[in-house]
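J.: Sharing a structure here in structure tokens format.
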Amino acid sequence: MTDLSASQVLFPEIQAGNLGVRLATTAAEIDAMQALRYRVFYGEMGAKADAKTAASHRDSDAYDAVADHLLVVDHDLGDGPEGVVGTYRLIRSEAAAKIGRFYSADEYDLGPIIGFDGKVLELGRSCVAAPYRGRAVMQLLWSGIAAYVFHHDIKLMFGCASLPGIDTDALATELTYLYYNHLAPPAIRPRALPHRYIEMRQVDRDMIDTRRALASLPPLIKGYLRLGGFVGDGAVIDAQFNTTDIAVVVKTELVTQKYFRHYERQSRDTAG
């Protein structure tokens with residue numbers, strides 16, 4: 001189970017009305033987060049469960065035990081596990097070293113990321129309960145990530161983000177748009193592993209309606225792009241989770257400053 005002792009004092013909960021974002025602090029909250037991931041990934045998105053996952057109704061893997069877990073809590077439902085309505089998994093280099101690699105290394109060559117001059121953070125396993133999928137919860141999650149980045153002096157964030165389904169023909173417009181408009185600079189550009197590499201340039205660039213293509217992207221990917229994010233080279237099919245994955249990279253210096261201003265203001269208020 002995750003060592004929660006350090007996480008409990010990382011940063012104060014950031015609140016917006018009845019919602020708050022903070023790190024998980026108990027084993028029960030970790031269990032609630034894994035149950036939420038199961039409902040979303042397997043119940044809604046069509047991921048394929050092995051026998052253990054199907055029996056437990058929990059989405060879990062070895063990385064959960066070394067990661068920090070960001071939670072959105074609806075205090076109208078409760079202040080503990082019963083209130084968990086959103087989550088994001090955060091894996092620093094020190095945590096990945098306990099496993100021997102980052103999660104994304106199964107899909108991408110992370111050489112440029114590993115060699116980056118500064119601390120890096122892998123983001124993943126993001127999901128939100130259906131009634132809460134809107135701007136308010138996503139803003140809270142990004143505020144929580146910004147607070148975490150602030151505390152740990154993270155310079156680069158990365159991870160895999162998903163497009164629904166594994167039919168790349170149906171995703172041709174989105175993949176092509178991302179490649180031509182948001183490709184990461186070579187120095188920080190992950191590339192899909194050769195045996196999993198799928199060309200993102202699926203259609204002629206001139207055929208893309210950029211506004212429509214951007215609008216059709218999942219909210220999470222649009223969130224990365226709004227933060228100044230880039231994508232890696234090559235898509236990857238994740239048959240287990242019924243998704244087509246892309247690598248995303250965000251330099252924290254490009255993260256919208258309002259999140260840091262919000263956190264710094266709250267920190268001052270708390271200290272005072």
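Identifiers in this document derive from the order of the structure tokens: chains are assigned A, B, ..., residues are numbered from 1 separately in each chain, and ligands are numbered from 1 in order of occurrence.
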Do a neighbour search on Leu175 of chain A at 8 Å with only C-alpha atoms, toss out local chain neighbours closer than 2 positions, and write the hits as a list of chain:residue names.
T.: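 Those residues are A:Leu171, A:Ala172, A:Thr173, A:Tyr177, A:Leu178, A:Tyr179, A:Met200, A:Arg201, A:Gln202, A:Ala235.
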J.: If we count only C-alpha atoms, what is near segment 120-126 of chain A at a cut-off of 7 Å, once residues fewer than 3 positions away on the same chain are taken out, given as a list in words?
T.: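 Surrounding residues, per the criterion: Thr87, Tyr88, Arg89, Leu90, Ile91, Arg92, Ser93, Ile154, Lys155, Leu156, Met157, Phe158, Gly159 and Cys160 of chain A.
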J.: Between A:Leu110, A:Ala170, A:Ala215, A:Ala16, which one has atoms that come closest to Val203 of chain A, using only C-alpha atoms?
T.: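 Smallest separation from Val203 of chain A among the options: A:Ala170.
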J.: Considering only strand (DSSP E) as DSSP defines it on the backbone, what residues of segment 50-196 of chain A qualify? List them as a PyMOL selection string.
T.: chain A and resi 68-74+84-92+108-109+119-128+154-164+191-192
J.: Take the residues just selected and output them with N, CA and C atoms as a CSV table (one decimal), in the first residue's frame.
T.:
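As written to disk, out-v8.csv reads:
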chain,number,residue,atom,x,y,z
A,68,ASP,N,1.6,9.0,-5.7
A,68,ASP,CA,0.7,9.8,-4.9
A,68,ASP,C,-0.6,9.9,-5.8
A,69,HIS,N,-1.7,10.0,-5.1
A,69,HIS,CA,-3.0,10.0,-5.7
A,69,HIS,C,-3.8,11.3,-5.4
A,70,LEU,N,-4.0,12.1,-6.4
A,70,LEU,CA,-4.8,13.3,-6.3
A,70,LEU,C,-6.3,12.9,-6.3
A,71,LEU,N,-7.0,13.5,-5.4
A,71,LEU,CA,-8.5,13.2,-5.3
A,71,LEU,C,-9.3,14.5,-5.3
A,72,VAL,N,-10.4,14.4,-6.0
A,72,VAL,CA,-11.5,15.4,-5.9
A,72,VAL,C,-12.5,14.8,-5.0
A,73,VAL,N,-12.9,15.6,-4.0
A,73,VAL,CA,-13.8,15.1,-3.0
A,73,VAL,C,-15.0,16.0,-2.9
A,74,ASP,N,-16.2,15.4,-3.0
A,74,ASP,CA,-17.5,16.2,-2.9
A,74,ASP,C,-17.9,16.1,-1.4
A,84,VAL,N,-15.2,10.6,-2.8
A,84,VAL,CA,-14.2,10.7,-3.9
A,84,VAL,C,-14.9,10.6,-5.2
A,85,VAL,N,-14.8,11.7,-6.1
A,85,VAL,CA,-15.5,11.7,-7.4
A,85,VAL,C,-14.5,12.0,-8.5
A,86,GLY,N,-13.2,12.1,-8.2
A,86,GLY,CA,-12.2,12.3,-9.3
A,86,GLY,C,-10.9,12.0,-8.8
A,87,THR,N,-10.0,11.6,-9.8
A,87,THR,CA,-8.6,11.2,-9.3
A,87,THR,C,-7.6,11.4,-10.5
A,88,TYR,N,-6.4,11.5,-10.1
A,88,TYR,CA,-5.2,11.6,-11.0
A,88,TYR,C,-4.0,11.0,-10.3
A,89,ARG,N,-3.3,10.1,-11.0
A,89,ARG,CA,-2.1,9.4,-10.4
A,89,ARG,C,-0.9,10.2,-10.7
A,90,LEU,N,0.0,10.4,-9.7
A,90,LEU,CA,1.2,11.2,-9.9
A,90,LEU,C,2.4,10.4,-9.5
A,91,ILE,N,3.3,10.2,-10.4
A,91,ILE,CA,4.5,9.3,-10.2
A,91,ILE,C,5.8,10.1,-10.5
A,92,ARG,N,6.5,10.4,-9.4
A,92,ARG,CA,7.8,11.0,-9.5
A,92,ARG,C,8.9,10.0,-9.8
A,108,TYR,N,6.2,4.0,-24.8
A,108,TYR,CA,7.0,5.0,-25.5
A,108,TYR,C,8.5,4.9,-25.0
A,109,ASP,N,9.4,5.3,-25.9
A,109,ASP,CA,10.8,5.5,-25.6
A,109,ASP,C,10.8,6.9,-24.8
A,119,LYS,N,13.5,18.0,-12.6
A,119,LYS,CA,12.7,16.9,-12.0
A,119,LYS,C,11.4,16.7,-13.0
A,120,VAL,N,11.0,15.5,-13.1
A,120,VAL,CA,9.9,15.1,-14.0
A,120,VAL,C,8.8,14.4,-13.2
A,121,LEU,N,7.6,14.5,-13.7
A,121,LEU,CA,6.5,13.9,-13.1
A,121,LEU,C,5.6,13.2,-14.2
A,122,GLU,N,5.2,12.0,-13.9
A,122,GLU,CA,4.3,11.3,-14.8
A,122,GLU,C,2.9,11.4,-14.3
A,123,LEU,N,2.0,11.8,-15.2
A,123,LEU,CA,0.6,11.9,-14.9
A,123,LEU,C,-0.2,10.7,-15.6
A,124,GLY,N,-1.2,10.2,-14.9
A,124,GLY,CA,-1.9,9.1,-15.5
A,124,GLY,C,-3.2,8.7,-14.7
A,125,ARG,N,-3.9,7.8,-15.3
A,125,ARG,CA,-5.1,7.2,-14.7
A,125,ARG,C,-6.1,8.3,-14.2
A,126,SER,N,-6.3,9.3,-15.0
A,126,SER,CA,-7.2,10.3,-14.7
A,126,SER,C,-8.6,9.9,-15.0
A,127,CYS,N,-9.5,10.1,-14.0
A,127,CYS,CA,-10.9,9.9,-14.3
A,127,CYS,C,-11.8,10.7,-13.4
A,128,VAL,N,-13.0,10.9,-13.8
A,128,VAL,CA,-14.0,11.7,-13.0
A,128,VAL,C,-15.4,11.0,-13.1
A,154,ILE,N,8.9,20.4,-9.8
A,154,ILE,CA,8.8,19.7,-11.1
A,154,ILE,C,9.0,20.6,-12.2
A,155,LYS,N,9.8,20.2,-13.2
A,155,LYS,CA,10.1,21.1,-14.4
A,155,LYS,C,9.4,20.5,-15.6
A,156,LEU,N,9.1,19.2,-15.6
A,156,LEU,CA,8.5,18.6,-16.8
A,156,LEU,C,7.4,17.6,-16.4
A,157,MET,N,6.2,17.7,-17.0
A,157,MET,CA,5.2,16.7,-16.7
A,157,MET,C,5.0,15.9,-18.0
A,158,PHE,N,4.6,14.6,-17.9
A,158,PHE,CA,4.4,13.8,-19.1
A,158,PHE,C,3.5,12.7,-18.7
A,159,GLY,N,3.0,12.0,-19.8
A,159,GLY,CA,2.2,10.8,-19.5
A,159,GLY,C,1.5,10.4,-20.8
A,160,CYS,N,0.6,9.4,-20.7
A,160,CYS,CA,-0.2,9.0,-21.9
A,160,CYS,C,-1.6,9.5,-21.7
A,161,ALA,N,-2.1,10.1,-22.7
A,161,ALA,CA,-3.5,10.5,-22.8
A,161,ALA,C,-4.3,9.7,-23.8
A,162,SER,N,-5.5,9.5,-23.6
A,162,SER,CA,-6.3,8.5,-24.4
A,162,SER,C,-7.3,9.1,-25.3
A,163,LEU,N,-7.4,8.6,-26.5
A,163,LEU,CA,-8.6,8.9,-27.4
A,163,LEU,C,-9.5,7.6,-27.3
A,164,PRO,N,-10.8,7.8,-27.3
A,164,PRO,CA,-11.6,6.6,-27.1
A,164,PRO,C,-11.6,5.7,-28.4
A,191,ARG,N,8.9,8.9,-28.3
A,191,ARG,CA,8.5,8.2,-29.6
A,191,ARG,C,7.9,6.9,-29.2
A,192,ALA,N,6.8,6.5,-29.9
A,192,ALA,CA,6.2,5.2,-29.6
A,192,ALA,C,7.2,4.1,-29.9
J.: Determine the nearest neighbour of Asp169 of chain A from the options A:Thr244, A:Ser143, A:Gly232, A:Thr252, counting only C-alpha atoms.
T.: A:Thr244
J.: What lies within 6 Å of segment 45-56 of chain A using only C-alpha atoms, ignoring chain neighbours under 4 positions off, as an MDAnalysis selection string?
T.: chainID A and resid 41 240:242
J.: Residues of the last selection are to be written out with N, CA and C atoms, as a PDB file, in the first residue's frame.
T.:
ATOM      1  N   PHE A  41     -13.310   3.103 -16.230  1.00  0.00           N
ATOM      2  CA  PHE A  41     -12.539   2.434 -17.275  1.00  0.00           C
ATOM      3  C   PHE A  41     -13.196   1.143 -17.767  1.00  0.00           C
ATOM      4  N   GLN A 240      -6.302  -3.393 -23.974  1.00  0.00           N
ATOM      5  CA  GLN A 240      -6.939  -3.691 -22.692  1.00  0.00           C
ATOM      6  C   GLN A 240      -7.922  -2.599 -22.301  1.00  0.00           C
ATOM      7  N   PHE A 241      -7.509  -1.333 -22.510  1.00  0.00           N
ATOM      8  CA  PHE A 241      -8.353  -0.222 -22.080  1.00  0.00           C
ATOM      9  C   PHE A 241      -9.222   0.339 -23.205  1.00  0.00           C
ATOM     10  N   ASN A 242      -9.156  -0.286 -24.394  1.00  0.00           N
ATOM     11  CA  ASN A 242      -9.999   0.121 -25.522  1.00  0.00           C
ATOM     12  C   ASN A 242      -9.773   1.584 -25.894  1.00  0.00           C
TER      13      ASN A 242
END
J.: Between A:Val40, A:Ala213, A:Leu19, A:Ala96, which is the closest to His75 of chain A once you count only C-alpha atoms?
T.: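 Of all the options, A:Leu19 lies closest to His75 of chain A.
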J.: Pick out each residue of segment 6-105 of chain A that DSSP on the backbone tags as alpha helix (DSSP H); I need them as JSON, numbers by chain.
T.: {"A": [27, 28, 29, 30, 31, 32, 33, 34, 35, 36, 37, 38, 51, 52, 53, 54, 55, 56, 93, 94, 95, 96, 97, 98, 99]}
J.: Grab the residues selected above and save them as an mmCIF file, in the first residue's frame with C-alpha atoms.
T.:
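So the final result, stored in result_24.cif, reads:
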data_model
loop_
_atom_site.group_PDB
_atom_site.id
_atom_site.type_symbol
_atom_site.label_atom_id
_atom_site.label_comp_id
_atom_site.auth_asym_id
_atom_site.auth_seq_id
_atom_site.Cartn_x
_atom_site.Cartn_y
_atom_site.Cartn_z
ATOM 1 C CA ALA A 27 -5.977 3.233 2.560
ATOM 2 C CA ALA A 28 -9.765 3.598 2.354
ATOM 3 C CA GLU A 29 -9.396 6.577 0.032
ATOM 4 C CA ILE A 30 -7.010 4.600 -2.174
ATOM 5 C CA ASP A 31 -9.622 1.830 -2.345
ATOM 6 C CA ALA A 32 -12.353 4.335 -3.245
ATOM 7 C CA MET A 33 -10.147 5.802 -5.967
ATOM 8 C CA GLN A 34 -9.497 2.359 -7.451
ATOM 9 C CA ALA A 35 -13.229 1.604 -7.350
ATOM 10 C CA LEU A 36 -13.949 4.846 -9.210
ATOM 11 C CA ARG A 37 -11.337 3.972 -11.847
ATOM 12 C CA TYR A 38 -12.946 0.548 -12.292
ATOM 13 C CA ALA A 51 -10.048 -12.345 -13.364
ATOM 14 C CA LYS A 52 -8.575 -10.454 -10.402
ATOM 15 C CA THR A 53 -9.859 -7.079 -11.598
ATOM 16 C CA ALA A 54 -13.322 -8.448 -12.378
ATOM 17 C CA ALA A 55 -13.583 -10.081 -8.959
ATOM 18 C CA SER A 56 -12.406 -7.052 -6.998
ATOM 19 C CA SER A 93 11.190 9.658 -10.562
ATOM 20 C CA GLU A 94 11.835 8.357 -7.051
ATOM 21 C CA ALA A 95 8.597 6.388 -7.160
ATOM 22 C CA ALA A 96 9.209 5.020 -10.662
ATOM 23 C CA ALA A 97 12.659 3.842 -9.548
ATOM 24 C CA LYS A 98 10.995 1.482 -7.059
ATOM 25 C CA ILE A 99 9.299 -0.275 -9.991
#
J.: Looking at A:Met138, A:Val66, A:Leu77, A:Ala187, which one is nearest to Gly111 of chain A, with distances taken over only C-alpha atoms?
T.: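 With only C-alpha atoms as the atom set, the closest residue is A:Ala187.
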